[in-house]
Structure formats: C-alpha cells, structure tokens
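A.B. asks: The following block contains the structure, expressed as structure tokens.
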Amino acid sequence: MEFDVLVDVRLRGGISDPAGATIERALPALGYDGVSGVSVGKTVRFTMEAADEAEAAARAGDLCASFLTNPVIEDAEVTVRPADG
C-alpha cells in the first residue's frame with residue numbers, strides 16, 4: 001500500500017529561533033498587532049510503500065530520527081494516511 005506522509009519539524013522548546021523572532025518583530029510594522037510565539041520550522045512530504053499504516057508510521061519515525069531532523073534541537077510530528085488515488 002502507498003501512504004502519504006507529512007513530517008512537521010520544529011525547534012525544541014528553549015532553542016533560539018532567530019527567524020521566528022525576526023518575523024515576530026516585523027509584524028507590528030506591517031499592521032499585524034497581537035501576534036506572538038512565532039516559530040519557523042520545515043515540512044517534509046513524501047509517499048511511502050508499506051504493508052500498513054503502523055509500518056509506514058514506524059518507518060517514517062526512523063527516517064526522522066536518522067535523517068530528517070537533528071534530534072538534539074528539533075522535534076518532529078509525523079502524520080500518515082493512505083495515499084489518494
């Protein structure tokens with residue numbers, strides 16, 4: 001079976017996020033008051049072959065730990081669903 005995988009990578013709490021801080025500082029000048037807690041991360045999307053959803057999730061988690069994230073400073077949230085089509 002094919003599964004669509006979405007990996008949302010974010011910096012762990014307490015890790016400096018200069019890109020997020022820069023965006024947050026710029027927002028009031030652009031007319032967007034009251035916005036806080038801006039953080040910048042990355043999203044990785046791919047399709048994976050696996051026997052079932054549990055296997056796809058486990059393989060995607062292994063991929064995150066070994067290649068897609070820096071586990072010292074980043075956390076990843078993995079979403080797996082059957083591929084469309």
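By convention here, the chains of the structure tokens are called A, B, ... in the order presented, each chain's residues are numbered starting at 1, and ligands are numbered starting at 1 in the order presented.
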Based on the backbone DSSP call, show me all residues of region 1-77 of chain A assigned strand (DSSP E or B), as a list in words.
C.D. replies: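 DSSP-assigned strand (DSSP E or B) residues in region 1-77 of chain A: Glu2, Phe3, Asp4, Val5, Leu6, Val7, Asp8, Val9, Arg10, Leu11, Lys42, Thr43, Val44, Arg45, Phe46, Thr47, Met48, Glu49, Glu74, Asp75, Ala76 and Glu77 of chain A.
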A.B. asks: Check the smallest atom-to-atom distance from each of A:Ile73, A:Ala26, A:Cys64, A:Leu11 to Arg45 (chain A) using only C-alpha atoms, then report the winner.
C.D. replies: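 Answer, going by the shortest atom-to-atom distance: A:Cys64.
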A.B. asks: Using only C-alpha atoms, which residues sit within 10 Å of Glu2 (chain A) once same-chain residues fewer than 6 positions away are excluded, as a PDB file with N, CA and C atoms, in the first residue's frame?
C.D. replies:
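What follows is the written file result20.pdb:
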ATOM      1  N   THR A  47       5.622  10.140  -0.256  1.00  0.00           N
ATOM      2  CA  THR A  47       4.795   8.950  -0.340  1.00  0.00           C
ATOM      3  C   THR A  47       5.680   7.752  -0.052  1.00  0.00           C
ATOM      4  N   MET A  48       5.137   6.796   0.698  1.00  0.00           N
ATOM      5  CA  MET A  48       5.925   5.643   1.127  1.00  0.00           C
ATOM      6  C   MET A  48       5.124   4.361   0.912  1.00  0.00           C
ATOM      7  N   GLU A  49       5.796   3.329   0.455  1.00  0.00           N
ATOM      8  CA  GLU A  49       5.206   1.995   0.366  1.00  0.00           C
ATOM      9  C   GLU A  49       5.387   1.299   1.712  1.00  0.00           C
ATOM     10  N   ALA A  50       4.315   0.691   2.208  1.00  0.00           N
ATOM     11  CA  ALA A  50       4.383  -0.077   3.454  1.00  0.00           C
ATOM     12  C   ALA A  50       3.214  -1.053   3.486  1.00  0.00           C
ATOM     13  N   ALA A  51       3.338  -2.079   4.322  1.00  0.00           N
ATOM     14  CA  ALA A  51       2.284  -3.085   4.435  1.00  0.00           C
ATOM     15  C   ALA A  51       1.018  -2.504   5.055  1.00  0.00           C
ATOM     16  N   ASP A  52       1.188  -1.589   6.034  1.00  0.00           N
ATOM     17  CA  ASP A  52       0.035  -0.981   6.689  1.00  0.00           C
ATOM     18  C   ASP A  52       0.446   0.361   7.282  1.00  0.00           C
ATOM     19  N   GLU A  53      -0.529   1.059   7.842  1.00  0.00           N
ATOM     20  CA  GLU A  53      -0.287   2.401   8.366  1.00  0.00           C
ATOM     21  C   GLU A  53       0.714   2.393   9.529  1.00  0.00           C
ATOM     22  N   ALA A  56       4.188   2.137   8.104  1.00  0.00           N
ATOM     23  CA  ALA A  56       4.560   3.410   7.484  1.00  0.00           C
ATOM     24  C   ALA A  56       4.940   4.431   8.548  1.00  0.00           C
ATOM     25  N   ARG A  81      -1.283   8.830   6.274  1.00  0.00           N
ATOM     26  CA  ARG A  81      -2.633   8.470   5.854  1.00  0.00           C
ATOM     27  C   ARG A  81      -2.532   7.736   4.509  1.00  0.00           C
ATOM     28  N   PRO A  82      -3.512   6.924   4.197  1.00  0.00           N
ATOM     29  CA  PRO A  82      -3.483   6.225   2.896  1.00  0.00           C
ATOM     30  C   PRO A  82      -3.405   7.247   1.757  1.00  0.00           C
ATOM     31  N   ALA A  83      -2.591   6.920   0.768  1.00  0.00           N
ATOM     32  CA  ALA A  83      -2.410   7.830  -0.366  1.00  0.00           C
ATOM     33  C   ALA A  83      -3.687   7.916  -1.178  1.00  0.00           C
ATOM     34  N   ASP A  84      -3.928   9.099  -1.726  1.00  0.00           N
ATOM     35  CA  ASP A  84      -5.063   9.308  -2.621  1.00  0.00           C
ATOM     36  C   ASP A  84      -4.804   8.603  -3.942  1.00  0.00           C
ATOM     37  N   GLY A  85      -5.851   8.081  -4.507  1.00  0.00           N
ATOM     38  CA  GLY A  85      -5.746   7.586  -5.849  1.00  0.00           C
ATOM     39  C   GLY A  85      -5.552   6.151  -5.944  1.00  0.00           C
TER      40      GLY A  85
END
A.B. asks: If I take CA of Val72 (chain A) and CA of Lys42 (chain A), how far is one from the other in Å, to one decimal?
C.D. replies: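 Answer for the CA of Val72 (chain A) to CA of Lys42 (chain A) separation: 15.9 Å.
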A.B. asks: Quick one: of A:Ser36, A:Asp75, A:Ala54, A:Arg59, who's nearest to Ile23 (chain A), counting only C-alpha atoms?
C.D. replies: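 Of all the options, A:Ser36 lies closest to Ile23 (chain A).
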A.B. asks: Could you tell me how far CA of Asp8 (chain A) lies from CA of Gly34 (chain A), in Å and to one decimal?
C.D. replies: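 Result for CA of Asp8 (chain A) versus CA of Gly34 (chain A): 24.8 Å, one decimal.
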A.B. asks: Pick from A:Val44, A:Leu63, A:Leu27, A:Ala57: nearest to Leu6 (chain A), with only C-alpha atoms counted?
C.D. replies: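 Of all the options, A:Val44 lies closest to Leu6 (chain A).
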A.B. asks: Once DSSP has gone over the backbone, tell me which residues of region 20-51 of chain A are in alpha helix (DSSP H), as an MDAnalysis selection string.
C.D. replies: chainID A and resid 20:26
A.B. asks: Check the smallest atom-to-atom distance from each of A:Ala29, A:Val9, A:Ser16, A:Met1 to Glu77 (chain A) using only C-alpha atoms, then report the winner.
C.D. replies: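 Of A:Ala29, A:Val9, A:Ser16, A:Met1, the one nearest Glu77 (chain A), counting only C-alpha atoms, is A:Val9.
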A.B. asks: When distances are computed from only C-alpha atoms, which of A:Glu24, A:Val80, A:Tyr32, A:Glu55 shows the smallest separation from Val7 (chain A)?
C.D. replies: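 Selected residue with least distance to Val7 (chain A): A:Val80.
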A.B. asks: So the first atom is CA of Ala76 (chain A) and the second is CA of Gly20 (chain A); what is the distance between them in Å, to one decimal place?
C.D. replies: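 Pair CA of Ala76 (chain A) / CA of Gly20 (chain A) returns 17.3 Å.
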A.B. asks: Between A:Arg12, A:Ala58, A:Pro28, A:Ala65, which has the minimum distance to Val40 (chain A) (counting only C-alpha atoms)?
C.D. replies: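 The shortest atom-to-atom distance to Val40 (chain A) comes from A:Arg12.
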